[in-house]
$ cat structure_34.txt   # compact mmCIF, C-alpha atoms
# COMPACT_ATOMS: atom_id res chain seq x y z
CA MET A 1 241.89 -96.45 208.81
CA ILE A 2 239.01 -94.20 209.88
CA LEU A 3 236.91 -97.33 210.41
CA VAL A 4 239.53 -98.95 212.63
CA ILE A 5 239.95 -95.79 214.74
CA PHE A 6 236.16 -95.38 214.98
CA LEU A 7 235.58 -98.94 216.16
CA ALA A 8 238.58 -98.82 218.51
CA VAL A 9 237.23 -95.63 220.13
CA TRP A 10 233.89 -97.32 220.70
CA TRP A 11 235.17 -100.61 222.13
CA VAL A 12 237.86 -98.99 224.27
CA SER A 13 235.43 -96.45 225.71
CA PRO A 14 234.47 -96.96 229.38
CA LEU A 15 231.86 -99.61 230.11
CA LEU A 16 229.86 -96.99 232.02
CA PHE A 17 229.56 -94.89 228.88
CA ARG A 18 228.42 -97.86 226.78
CA SER A 19 225.92 -98.93 229.47
CA PHE A 20 224.57 -95.39 229.61
CA MET A 21 224.22 -95.35 225.82
CA ARG A 22 222.43 -98.68 225.88
CA VAL A 23 219.96 -97.57 228.53
CA SER A 24 219.37 -94.33 226.63
CA PHE A 25 218.72 -96.07 223.32
CA TYR A 26 216.42 -98.57 225.02
CA ALA A 27 214.52 -95.84 226.87
CA PHE A 28 214.03 -94.00 223.58
CA GLN A 29 212.85 -97.19 221.90
CA ALA A 30 210.48 -98.45 224.62
CA PRO A 31 207.54 -96.09 223.84
CA VAL A 32 207.94 -96.91 220.14
CA LEU A 33 207.58 -100.62 220.99
CA ALA A 34 204.57 -100.02 223.25
CA LEU A 35 202.70 -97.92 220.69
CA PRO A 36 201.70 -100.82 218.36
CA SER A 37 200.43 -102.70 221.42
CA TYR A 38 198.03 -99.84 222.21
CA LEU A 39 197.02 -99.63 218.56
CA ARG A 40 196.21 -103.36 218.58
CA ASP A 41 194.03 -102.81 221.66
CA ILE A 42 192.14 -100.04 219.87
CA GLN A 43 191.77 -102.24 216.81
CA HIS A 44 190.46 -105.09 219.00
CA TYR A 45 188.01 -102.71 220.71
CA TRP A 46 186.53 -101.61 217.39
CA VAL A 47 186.33 -105.22 216.19
CA LEU A 48 184.34 -106.06 219.33
CA ARG A 49 182.17 -103.00 218.82
CA ASN A 50 181.15 -104.42 215.45
CA HIS A 51 180.04 -107.73 216.94
CA SER A 52 176.30 -108.23 217.24
CA LYS A 53 174.71 -108.15 220.71
CA ARG A 54 173.84 -111.82 220.36
CA GLU A 55 177.53 -112.73 219.85
CA LEU A 56 178.57 -110.63 222.84
CA ILE A 57 175.87 -112.19 225.04
CA GLU A 58 177.02 -115.69 224.04
CA ALA A 59 180.66 -114.77 224.74
CA GLY A 60 179.66 -113.32 228.12
CA ARG A 61 177.73 -116.47 228.96
CA ASP A 62 180.74 -118.70 228.09
CA LEU A 63 183.03 -116.51 230.20
CA ALA A 64 180.59 -116.71 233.14
CA ARG A 65 180.77 -120.51 233.01
CA GLN A 66 184.55 -120.39 232.90
CA ASN A 67 184.61 -117.92 235.81
CA ALA A 68 182.37 -120.23 237.84
CA ALA A 69 184.78 -123.11 237.26
CA TYR A 70 187.75 -120.91 238.22
CA GLY A 71 185.86 -119.80 241.33
CA LEU A 72 185.58 -123.41 242.48
CA GLU A 73 189.31 -123.96 241.76
CA LEU A 74 190.09 -120.84 243.79
CA GLU A 75 188.13 -122.13 246.78
CA SER A 76 189.90 -125.46 246.54
CA SER A 77 193.26 -123.66 246.36
CA ARG A 78 192.38 -121.59 249.48
CA ASP A 79 191.52 -124.77 251.40
CA LEU A 80 194.82 -126.36 250.39
CA ASN A 81 196.78 -123.25 251.42
CA ASN A 82 195.03 -123.24 254.81
CA ARG A 83 195.91 -126.91 255.34
CA ILE A 84 199.54 -126.18 254.41
CA THR A 85 199.64 -123.33 256.95
CA GLU A 86 198.17 -125.63 259.65
CA LEU A 87 200.68 -128.36 258.92
CA GLU A 88 203.57 -125.86 258.94
CA GLY A 89 202.42 -124.75 262.39
CA LEU A 90 202.03 -128.30 263.73
CA LEU A 91 205.38 -129.50 262.39
CA ASN A 92 207.20 -126.22 263.06
CA LEU A 93 208.30 -125.93 259.42
CA PRO A 94 209.50 -122.70 257.77
CA PRO A 95 206.84 -121.28 255.41
CA LEU A 96 207.10 -121.89 251.69
CA LEU A 97 208.23 -118.92 249.65
CA GLY A 98 205.10 -117.12 248.49
CA HIS A 99 204.72 -115.08 245.33
CA ARG A 100 202.73 -112.04 244.34
CA HIS A 101 201.24 -112.23 240.85
CA GLU A 102 201.70 -109.31 238.48
CA VAL A 103 199.94 -109.60 235.11
CA ALA A 104 201.82 -107.92 232.27
CA ARG A 105 201.06 -107.42 228.59
CA VAL A 106 203.53 -108.60 225.94
CA ILE A 107 204.43 -105.64 223.72
CA HIS A 108 207.12 -107.25 221.57
CA ARG A 109 208.26 -110.77 220.69
CA ASP A 110 211.71 -111.57 219.31
CA ILE A 111 212.22 -115.22 218.40
CA ASN A 112 215.00 -116.41 216.11
CA ALA A 113 217.77 -118.98 215.94
CA TRP A 114 219.91 -117.13 218.53
CA TRP A 115 217.59 -115.83 221.23
CA HIS A 116 213.97 -116.09 222.25
CA GLN A 117 212.74 -113.12 224.24
CA ILE A 118 209.69 -111.00 224.80
CA ILE A 119 209.25 -107.50 226.19
CA ILE A 120 206.49 -106.85 228.70
CA ASP A 121 204.95 -103.53 229.66
CA LYS A 122 205.83 -103.55 233.36
CA GLY A 123 209.16 -102.87 234.97
CA SER A 124 210.71 -101.58 238.17
CA HIS A 125 207.79 -99.23 238.85
CA TYR A 126 205.79 -102.44 239.57
CA GLU A 127 208.66 -103.78 241.74
CA ILE A 128 209.50 -106.52 239.27
CA PRO A 129 212.95 -107.87 240.18
CA GLU A 130 215.54 -109.35 237.85
CA SER A 131 215.46 -113.14 237.48
CA ALA A 132 211.79 -113.27 238.49
CA ALA A 133 209.75 -116.12 237.02
CA ALA A 134 207.14 -115.54 234.32
CA ILE A 135 204.36 -118.03 233.65
CA PHE A 136 201.17 -118.33 231.63
CA ALA A 137 198.24 -120.72 231.28
CA GLY A 138 200.42 -123.25 229.44
CA GLY A 139 203.19 -123.27 232.05
CA VAL A 140 206.56 -121.59 232.21
CA VAL A 141 207.19 -118.55 230.01
CA GLY A 142 210.70 -117.75 231.12
CA ARG A 143 212.78 -115.58 233.39
CA ILE A 144 213.12 -111.79 233.61
CA ARG A 145 216.51 -110.94 232.13
CA GLU A 146 216.46 -107.15 232.26
CA VAL A 147 214.29 -104.72 234.15
CA HIS A 148 213.78 -101.11 233.07
CA THR A 149 211.46 -98.52 234.53
CA TYR A 150 208.39 -99.21 232.39
CA SER A 151 209.25 -102.48 230.68
CA SER A 152 211.13 -105.72 231.19
CA ILE A 153 212.77 -108.26 228.90
CA VAL A 154 211.88 -111.91 229.48
CA GLU A 155 214.12 -114.71 228.23
CA LEU A 156 211.80 -117.47 227.06
CA VAL A 157 211.96 -121.06 228.26
CA SER A 158 212.67 -122.17 224.67
CA SER A 159 215.73 -119.91 224.37
CA PRO A 160 218.96 -121.86 223.75
CA ASN A 161 220.58 -120.06 226.71
CA PHE A 162 217.78 -120.85 229.19
CA ARG A 163 218.56 -123.50 231.78
CA ILE A 164 216.73 -124.47 234.98
CA ALA A 165 216.41 -127.26 237.47
CA ALA A 166 213.35 -129.45 236.93
CA HIS A 167 211.87 -132.81 237.75
CA PHE A 168 209.29 -135.13 236.26
CA GLU A 169 205.81 -135.04 237.70
CA GLY A 170 205.54 -137.76 240.32
CA ASP A 171 209.31 -138.11 240.64
CA SER A 172 211.28 -135.77 242.90
CA ARG A 173 214.74 -136.50 241.47
CA PRO A 174 216.20 -133.36 239.91
CA VAL A 175 216.97 -133.14 236.21
CA THR A 176 218.20 -130.26 234.04
CA TYR A 177 216.11 -128.52 231.44
CA GLN A 178 217.69 -126.42 228.68
CA GLY A 179 216.13 -124.67 225.71
CA ARG A 180 217.30 -125.57 222.23
CA PRO A 181 217.05 -124.13 218.70
CA HIS A 182 214.03 -125.40 216.83
CA LEU A 183 213.16 -125.49 213.18
CA SER A 184 211.08 -122.84 211.45
CA LEU A 185 207.37 -123.64 211.27
CA SER A 186 207.74 -126.09 214.16
CA PRO A 187 206.73 -125.83 217.84
CA PRO A 188 209.19 -124.61 220.45
CA GLN A 189 211.20 -127.25 222.22
CA GLY A 190 213.89 -127.85 224.78
CA LYS A 191 215.88 -130.77 226.08
CA VAL A 192 216.00 -132.58 229.39
CA LEU A 193 219.35 -133.82 230.67
CA ASP A 194 220.67 -135.93 233.55
CA VAL A 195 217.61 -138.19 233.70
CA SER A 196 217.92 -141.39 235.72
CA ILE A 197 218.12 -144.57 233.66
CA ASP A 198 215.10 -146.17 235.33
CA LEU A 199 212.76 -143.52 233.94
CA ALA A 200 211.03 -144.06 230.61
CA ALA A 201 208.78 -142.07 228.29
CA SER A 202 207.09 -142.80 224.99
CA SER A 203 204.63 -141.15 222.64
CA GLY A 204 201.89 -143.28 224.24
CA SER A 205 202.84 -142.42 227.83
CA LYS A 206 204.33 -138.94 227.88
CA ARG A 207 205.85 -137.55 231.04
CA SER A 208 205.26 -134.01 232.22
CA LEU A 209 208.36 -132.02 233.09
CA VAL A 210 207.78 -129.45 235.83
CA THR A 211 209.87 -126.84 237.60
CA SER A 212 211.81 -127.56 240.75
CA HIS A 213 212.28 -125.18 243.69
CA LEU A 214 216.02 -126.10 243.70
CA GLY A 215 216.77 -123.37 241.17
CA GLY A 216 215.43 -120.75 243.58
CA VAL A 217 213.50 -118.91 240.88
CA PHE A 218 210.43 -120.98 240.04
CA PRO A 219 208.11 -122.52 242.61
CA THR A 220 207.88 -126.25 242.27
CA GLY A 221 205.35 -127.93 240.03
CA ILE A 222 204.86 -125.47 237.12
CA LEU A 223 204.65 -127.22 233.78
CA ILE A 224 207.58 -126.83 231.38
CA GLY A 225 206.58 -129.30 228.69
CA GLN A 226 205.96 -132.89 227.70
CA VAL A 227 208.65 -135.52 227.15
CA ALA A 228 207.75 -138.29 224.73
CA ASP A 229 211.13 -139.88 224.20
CA LEU A 230 214.13 -140.58 226.45
CA ARG A 231 217.39 -141.89 225.02
CA PRO A 232 220.80 -142.66 226.52
CA ALA A 233 223.09 -139.65 226.67
CA ALA A 234 226.57 -139.66 225.15
CA ASN A 235 228.13 -140.47 228.54
CA GLY A 236 225.88 -143.52 228.98
CA LEU A 237 225.19 -142.70 232.65
CA PHE A 238 221.97 -140.77 232.18
CA LEU A 239 219.14 -140.34 229.73
CA GLU A 240 218.19 -137.24 227.78
CA GLY A 241 215.24 -136.29 225.64
CA LYS A 242 213.33 -133.59 223.81
CA VAL A 243 210.80 -131.49 225.65
CA ARG A 244 207.83 -130.30 223.65
CA ILE A 245 206.67 -126.89 224.88
CA ASP A 246 203.19 -125.43 224.53
CA GLU A 247 202.86 -123.84 221.07
CA ARG A 248 200.97 -120.90 222.56
CA LEU A 249 204.31 -119.64 223.88
CA LEU A 250 205.12 -118.27 220.40
CA SER A 251 201.95 -116.12 220.28
CA ILE A 252 201.73 -115.21 223.94
CA LYS A 253 199.98 -111.92 224.72
CA GLU A 254 199.99 -111.77 228.52
CA VAL A 255 202.21 -113.24 231.19
CA VAL A 256 202.10 -113.45 234.98
CA VAL A 257 205.29 -112.42 236.75
CA LEU A 258 205.85 -114.18 240.09
CA ILE A 259 207.34 -111.66 242.52
CA PRO A 260 208.69 -113.36 245.64
CA ILE A 261 207.14 -112.29 248.96
CA GLU A 262 209.76 -112.18 251.67
CA PRO A 263 208.79 -114.35 254.68
CA THR A 264 207.90 -112.18 257.73
CA ASP A 265 209.76 -112.35 261.01
CA GLU A 266 206.63 -113.83 262.67
CA ALA A 267 207.07 -116.99 260.64
CA HIS A 268 210.46 -117.49 262.30
CA MET B 1 220.59 -76.69 207.59
CA ARG B 2 223.46 -77.93 205.44
CA PRO B 3 222.52 -80.51 202.80
CA THR B 4 224.94 -83.07 204.26
CA LYS B 5 223.30 -82.79 207.68
CA GLN B 6 219.83 -83.06 206.14
CA SER B 7 220.87 -86.13 204.13
CA PHE B 8 222.32 -87.67 207.30
CA ILE B 9 219.11 -87.12 209.25
CA LEU B 10 216.93 -88.42 206.43
CA CYS B 11 219.01 -91.60 206.06
CA LEU B 12 218.89 -92.11 209.83
CA LEU B 13 215.12 -91.58 209.99
CA ALA B 14 214.52 -93.92 207.06
CA ASN B 15 216.68 -96.60 208.71
CA GLY B 16 214.83 -96.13 211.99
CA LEU B 17 211.49 -96.45 210.25
CA LEU B 18 212.60 -99.62 208.48
CA ALA B 19 213.96 -101.08 211.73
CA PHE B 20 210.60 -100.39 213.38
CA PHE B 21 208.63 -102.09 210.60
CA ILE B 22 210.99 -105.08 210.53
CA GLY B 23 210.50 -105.42 214.30
CA GLN B 24 206.72 -105.41 213.91
CA VAL B 25 206.81 -107.98 211.11
CA ASN B 26 209.09 -110.23 213.18
CA HIS B 27 206.72 -109.80 216.14
CA SER B 28 203.90 -111.15 213.94
CA LEU B 29 205.97 -113.96 212.42
CA THR B 30 206.96 -115.50 215.77
CA VAL B 31 203.94 -117.81 215.44
CA PHE B 32 205.72 -119.48 212.52
CA SER B 33 209.19 -119.33 214.13
CA VAL B 34 210.42 -117.30 211.16
CA TYR B 35 212.75 -114.32 211.60
CA LEU B 36 213.49 -111.73 208.95
CA TYR B 37 217.01 -110.32 208.88
CA LEU B 38 217.11 -107.33 206.53
CA SER B 39 220.04 -105.33 207.89
CA GLY B 40 221.66 -105.12 204.45
CA LEU B 41 219.03 -102.55 203.47
CA PHE B 42 220.34 -100.10 206.09
CA LEU B 43 223.79 -99.85 204.57
CA VAL B 44 223.53 -99.16 200.86
CA PHE B 45 221.70 -95.84 200.59
CA PRO B 46 223.97 -94.03 203.09
CA ALA B 47 226.92 -95.44 201.16
CA ILE B 48 225.84 -93.79 197.94
CA THR B 49 224.46 -90.51 199.31
CA LEU B 50 226.78 -89.61 202.19
CA SER B 51 230.52 -89.31 202.45
CA PHE B 52 232.36 -91.91 204.49
CA LEU B 53 232.35 -90.54 208.04
CA PRO B 54 228.74 -89.29 208.13
CA GLY B 55 227.60 -92.53 206.52
CA LEU B 56 229.58 -94.57 209.02
CA ILE B 57 228.08 -92.66 211.94
CA CYS B 58 224.60 -93.06 210.43
CA VAL B 59 224.81 -96.85 210.12
CA PHE B 60 226.58 -97.13 213.50
CA ILE B 61 223.72 -95.30 215.22
CA THR B 62 221.28 -97.55 213.36
CA GLY B 63 223.20 -100.54 214.70
CA LEU B 64 223.08 -99.20 218.25
CA TRP B 65 219.33 -98.70 217.87
CA VAL B 66 218.96 -102.33 216.80
CA ASP B 67 221.33 -103.53 219.55
CA ALA B 68 219.59 -101.77 222.44
CA ARG B 69 217.18 -104.62 223.25
CA LEU B 70 219.29 -107.58 222.10
CA PRO B 71 221.18 -109.94 224.42
CA LEU B 72 224.49 -109.14 222.69
CA PRO B 73 227.39 -106.92 223.82
CA PHE B 74 226.15 -103.43 223.04
CA GLY B 75 227.69 -102.37 219.75
CA THR B 76 227.95 -105.81 218.13
CA SER B 77 225.38 -105.15 215.41
CA ALA B 78 226.74 -101.62 215.04
CA THR B 79 230.23 -103.03 214.43
CA PHE B 80 228.93 -105.45 211.82
CA PHE B 81 226.98 -102.62 210.16
CA ALA B 82 230.10 -100.43 210.12
CA LEU B 83 232.09 -103.18 208.42
CA GLY B 84 229.29 -103.82 205.92
CA PHE B 85 228.98 -100.11 205.24
CA THR B 86 232.69 -99.92 204.46
CA VAL B 87 232.31 -102.70 201.92
CA ALA B 88 229.29 -100.92 200.39
CA PHE B 89 231.24 -97.65 200.27
CA LEU B 90 234.09 -99.31 198.43
CA VAL B 91 231.67 -100.90 195.97
CA ARG B 92 229.74 -97.71 195.31
CA VAL B 93 232.34 -96.60 192.77
CA SER B 94 231.08 -99.34 190.47
CA LEU B 95 227.47 -98.18 190.94
CA ARG B 96 227.71 -95.52 188.31
CA ARG B 97 223.99 -95.37 187.90
CA PRO B 98 222.43 -96.42 191.16
CA TYR B 99 219.37 -98.15 189.79
CA ASN B 100 217.35 -100.07 192.35
CA PHE B 101 218.39 -103.41 190.87
CA SER B 102 222.07 -102.84 191.57
CA LEU B 103 221.35 -101.37 195.01
CA VAL B 104 219.17 -104.34 195.96
CA LEU B 105 221.83 -106.74 194.68
CA VAL B 106 224.50 -105.13 196.82
CA ALA B 107 222.11 -105.06 199.79
CA LEU B 108 221.38 -108.76 199.26
CA GLY B 109 225.07 -109.65 199.28
CA LEU B 110 225.77 -107.55 202.37
CA ASN B 111 222.72 -108.93 204.15
CA SER B 112 223.85 -112.51 203.57
CA LEU B 113 227.35 -111.65 204.74
CA LEU B 114 226.13 -109.93 207.93
CA TYR B 115 223.70 -112.75 208.63
CA PHE B 116 226.45 -115.33 208.29
CA CYS B 117 228.74 -113.34 210.60
CA LEU B 118 226.01 -113.09 213.24
CA PHE B 119 225.15 -116.75 212.74
CA ILE B 120 228.72 -117.83 213.48
CA TYR B 121 229.22 -115.26 216.27
CA CYS B 122 226.05 -116.24 218.17
CA GLY B 123 226.19 -119.95 217.40
CA GLY B 124 228.41 -121.17 220.21
CA THR B 125 227.73 -124.82 220.97
CA ALA B 126 224.64 -124.75 218.75
CA LEU B 127 226.95 -124.78 215.71
CA HIS B 128 227.10 -128.56 216.19
CA SER B 129 223.32 -128.81 215.94
CA VAL B 130 221.84 -129.63 212.53
CA SER B 131 218.53 -127.96 213.40
CA TYR B 132 220.41 -124.69 214.09
CA TRP B 133 221.89 -124.68 210.59
CA ILE B 134 218.57 -125.63 208.98
CA HIS B 135 216.72 -122.93 210.91
CA GLY B 136 219.36 -120.36 209.97
CA PHE B 137 219.31 -121.39 206.32
CA ILE B 138 215.51 -121.18 206.10
CA ASP B 139 215.50 -117.75 207.77
CA LEU B 140 218.19 -116.51 205.37
CA ILE B 141 216.30 -117.74 202.30
CA ILE B 142 213.06 -116.12 203.43
CA SER B 143 214.88 -112.91 204.44
CA SER B 144 216.61 -112.70 201.05
CA PHE B 145 213.30 -113.16 199.25
CA VAL B 146 211.64 -110.43 201.30
CA LEU B 147 214.65 -108.14 200.86
CA VAL B 148 214.38 -108.39 197.07
CA LEU B 149 210.64 -107.68 197.33
CA ILE B 150 210.84 -104.58 199.51
CA GLY B 151 214.33 -103.28 198.68
CA GLY B 152 213.20 -101.34 195.64
CA TRP B 153 210.27 -99.86 197.54
CA PHE B 154 212.52 -98.76 200.41
CA TYR B 155 215.06 -97.06 198.15
CA ASN B 156 212.26 -95.31 196.23
CA LEU B 157 210.94 -94.08 199.57
CA GLN B 158 214.33 -92.64 200.46
CA ARG B 159 214.63 -90.98 197.04
CA ALA B 160 211.14 -89.50 197.52
CA LEU B 161 212.19 -88.13 200.94
CA PHE B 162 215.26 -86.56 199.41
CA SER B 163 213.21 -85.03 196.60
CA ALA B 164 210.59 -83.75 199.05
CA CYS B 165 213.32 -81.99 201.04
CA GLY B 166 214.89 -80.59 197.89
CA LEU B 167 218.14 -82.43 198.44
CA PRO B 168 220.29 -83.47 195.49
CA LEU B 169 220.59 -87.20 195.20
CA ARG B 170 224.31 -87.73 195.14
CA SER B 171 224.96 -90.53 192.69
CA ALA B 172 228.11 -92.59 192.56
CA PRO B 173 231.15 -90.43 191.85
CA GLU B 174 232.13 -90.15 188.22
CA ILE B 175 235.15 -92.14 187.21
CA PRO B 176 237.81 -89.49 186.37
CA LYS B 177 238.61 -89.22 182.68
CA HIS B 178 242.28 -89.54 181.89

$ encode --input "structure_34.txt" --output "structure tokens"
Amino acid sequence: MILVIFLAVWWVSPLLFRSFMRVSFYAFQAPVLALPSYLRDIQHYWVLRNHSKRELIEAGRDLARQNAAYGLELESSRDLNNRITELEGLLNLPPLLGHRHEVARVIHRDINAWWHQIIIDKGSHYEIPESAAAIFAGGVVGRIREVHTYSSIVELVSSPNFRIAAHFEGDSRPVTYQGRPHLSLSPPQGKVLDVSIDLAASSGSKRSLVTSHLGGVFPTGILIGQVADLRPAANGLFLEGKVRIDERLLSIKEVVVLIPIEPTDEAH
Amino acid sequence: MRPTKQSFILCLLANGLLAFFIGQVNHSLTVFSVYLYLSGLFLVFPAITLSFLPGLICVFITGLWVDARLPLPFGTSATFFALGFTVAFLVRVSLRRPYNFSLVLVALGLNSLLYFCLFIYCGGTALHSVSYWIHGFIDLIISSFVLVLIGGWFYNLQRALFSACGLPLRSAPEIPKH
């Protein structure tokens, strides 16, 4: 009887009270989650301190080569952006939605059969909005689900509840991507739905699935995963298939949050 | 401070500590897509050391702590914990001598029950997926194995905390002699 009354009092209590309690518990927990992240940084620092100078010099040399390659890519990207701006001016087109990049550290990962989420160490104090896109070197990470003052929760692209508009690279027709549960000790995966019948994919000729701007969250062209097999759906009108996502998603340490830049009045 | 209040705080702190360590282990195990669910461990010690209402509040707060960052209605885990605690409290009468073996056994049963409830509650359309059931089954097997491994250690830790604070360890109530 006491149990029933206790639970009834909780679930009948005002939503505002329960929201306040949730925010309070989360705020109390957030520093506790961030602490191991800082301890891992300290541990990593002391591991590096124990490396020999020769090892550090070699690592620095490899990074310099990588930076040189990225520098060339950056120049190429600047040229392409300038050409896009020129063409927008010539054709009187509205500018594409730009994004500001905010790099955030992953302080906690939570991946199980029901939800896939990570917590990052930046929140509203870095102007991160809800539903912002998060990406990494391997493609899409996910979407910001909750924003708190000093941290945010990201729902991963492999989460069973994650769903976005996408298209295959080289084909502009929209398809639907949705995360799906995957087996233990296996890479993350999703599924692609509503694929036109004339498209095909096989293990020898995989197709890359990329984001579409139709969803309004992700810019177009960011890699979601690889599709190696397309089969007829239950309705027979479309094809569907499994999407293999980059395995590095499960051990991700840093993400880039894409914060939309509002177009200025001058562009109009 | 009254002994009951001290016992309540110690049980709550121990549960919080365990929840923190479970979170860190799960953070490390994401590489293998394995998730440990050990919530059964939170319920048994409060059931044998606290009376009903303080124990219920203790496990409910533990549940809210766990729920704070989850994409579930806030209070879902807390409700499951409260129901599991009630079962543990009813069973505690039979734990006349709360050796670790019997505590771990009860924790194992409650853990499996809670896991199954959460599995069905959160399943939705995924309940039709074979990979969902296989993933859940593998996680439950691994979680049960780990629970048996660390359950005894956790309860010894709680006993040590009680001893360190000079609190009597309230065993299961004696069956009245007629």

$ closest_residue --input "structure_34.txt" --among "A:Gly138, A:Pro94, A:Pro129, A:Pro174" --to "A:Ile153" --atoms "only C-alpha atoms"
A:Pro129

$ closest_residue --input "structure_34.txt" --among "A:Ile245, A:Leu56, A:Val195, A:Ala27" --to "chain B" --atoms "only C-alpha atoms"
A:Ala27

$ residues_around --input "structure_34.txt" --residues "A:Gln29" --least-positions-apart "3" --cutoff "9 Å" --atoms "only C-alpha atoms" --output "list of chain:residue names"
A:Ser24, A:Phe25, A:Tyr26, A:Val32, A:Leu33, A:Ala34, B:Trp65, B:Ala68, B:Arg69

$ atom_distance --input "structure_34.txt" --atom1 "atom CA of A:Arg22" --atom2 "atom CA of A:Lys122"
18.8 Å

$ residues_around --input "structure_34.txt" --residues "B:Phe20" --least-positions-apart "2" --cutoff "10 Å" --atoms "all atoms listed in the file" --output "list in words"
Gln29, Val32 and Leu33 of chain A; Ala14, Asn15, Gly16, Leu17, Leu18, Ile22, Gly23, Gln24, Val25, Asn26, Trp65 and Val66 of chain B

$ interface_residues --input "structure_34.txt" --of "chain B" --to "chain A" --cutoff "7 Å" --atoms "all atoms listed in the file" --output "VMD selection string"
chain B and resid 26 to 27 30 to 35 65 68 to 69 74 79 122 to 123 131 to 132 134 to 136

$ atom_distance --input "structure_34.txt" --atom1 "atom CA of A:Tyr126" --atom2 "atom CA of A:Tyr150"
8.3 Å

$ atom_distance --input "structure_34.txt" --atom1 "atom CA of A:Arg143" --atom2 "atom CA of A:Ile120"
11.7 Å

$ residues_near_point --input "structure_34.txt" --point "(221.7, -138.3, 228.5)" --cutoff "12 Å" --atoms "all atoms listed in the file" --output "tab-separated table (two decimals) with C-alpha atoms, in the coordinates of the input"
chain	number	residue	atom	x	y	z
A	175	VAL	CA	216.97	-133.14	236.21
A	176	THR	CA	218.20	-130.26	234.04
A	177	TYR	CA	216.11	-128.52	231.44
A	191	LYS	CA	215.88	-130.77	226.08
A	192	VAL	CA	216.00	-132.58	229.39
A	193	LEU	CA	219.35	-133.82	230.67
A	194	ASP	CA	220.67	-135.93	233.55
A	195	VAL	CA	217.61	-138.19	233.70
A	196	SER	CA	217.92	-141.39	235.72
A	197	ILE	CA	218.12	-144.57	233.66
A	199	LEU	CA	212.76	-143.52	233.94
A	229	ASP	CA	211.13	-139.88	224.20
A	230	LEU	CA	214.13	-140.58	226.45
A	231	ARG	CA	217.39	-141.89	225.02
A	232	PRO	CA	220.80	-142.66	226.52
A	233	ALA	CA	223.09	-139.65	226.67
A	234	ALA	CA	226.57	-139.66	225.15
A	235	ASN	CA	228.13	-140.47	228.54
A	236	GLY	CA	225.88	-143.52	228.98
A	237	LEU	CA	225.19	-142.70	232.65
A	238	PHE	CA	221.97	-140.77	232.18
A	239	LEU	CA	219.14	-140.34	229.73
A	240	GLU	CA	218.19	-137.24	227.78
A	241	GLY	CA	215.24	-136.29	225.64
A	242	LYS	CA	213.33	-133.59	223.81

$ residues_around --input "structure_34.txt" --residues "B:Phe154" --least-positions-apart "2" --cutoff "10 Å" --atoms "all atoms listed in the file" --output "MDAnalysis selection string"
chainID B and resid 14:15 18 41:42 45 100 104 147 149:152 156:160

$ residues_around --input "structure_34.txt" --residues "B:Leu105" --least-positions-apart "6" --cutoff "12 Å" --atoms "all atoms listed in the file" --output "list in words"
Gly40, Leu41, Val44, Ala88, Val91, Leu95, Pro98, Tyr99, Asn111, Ser112, Ser144, Phe145, Leu147, Val148, Leu149, Gly151 and Gly152 of chain B
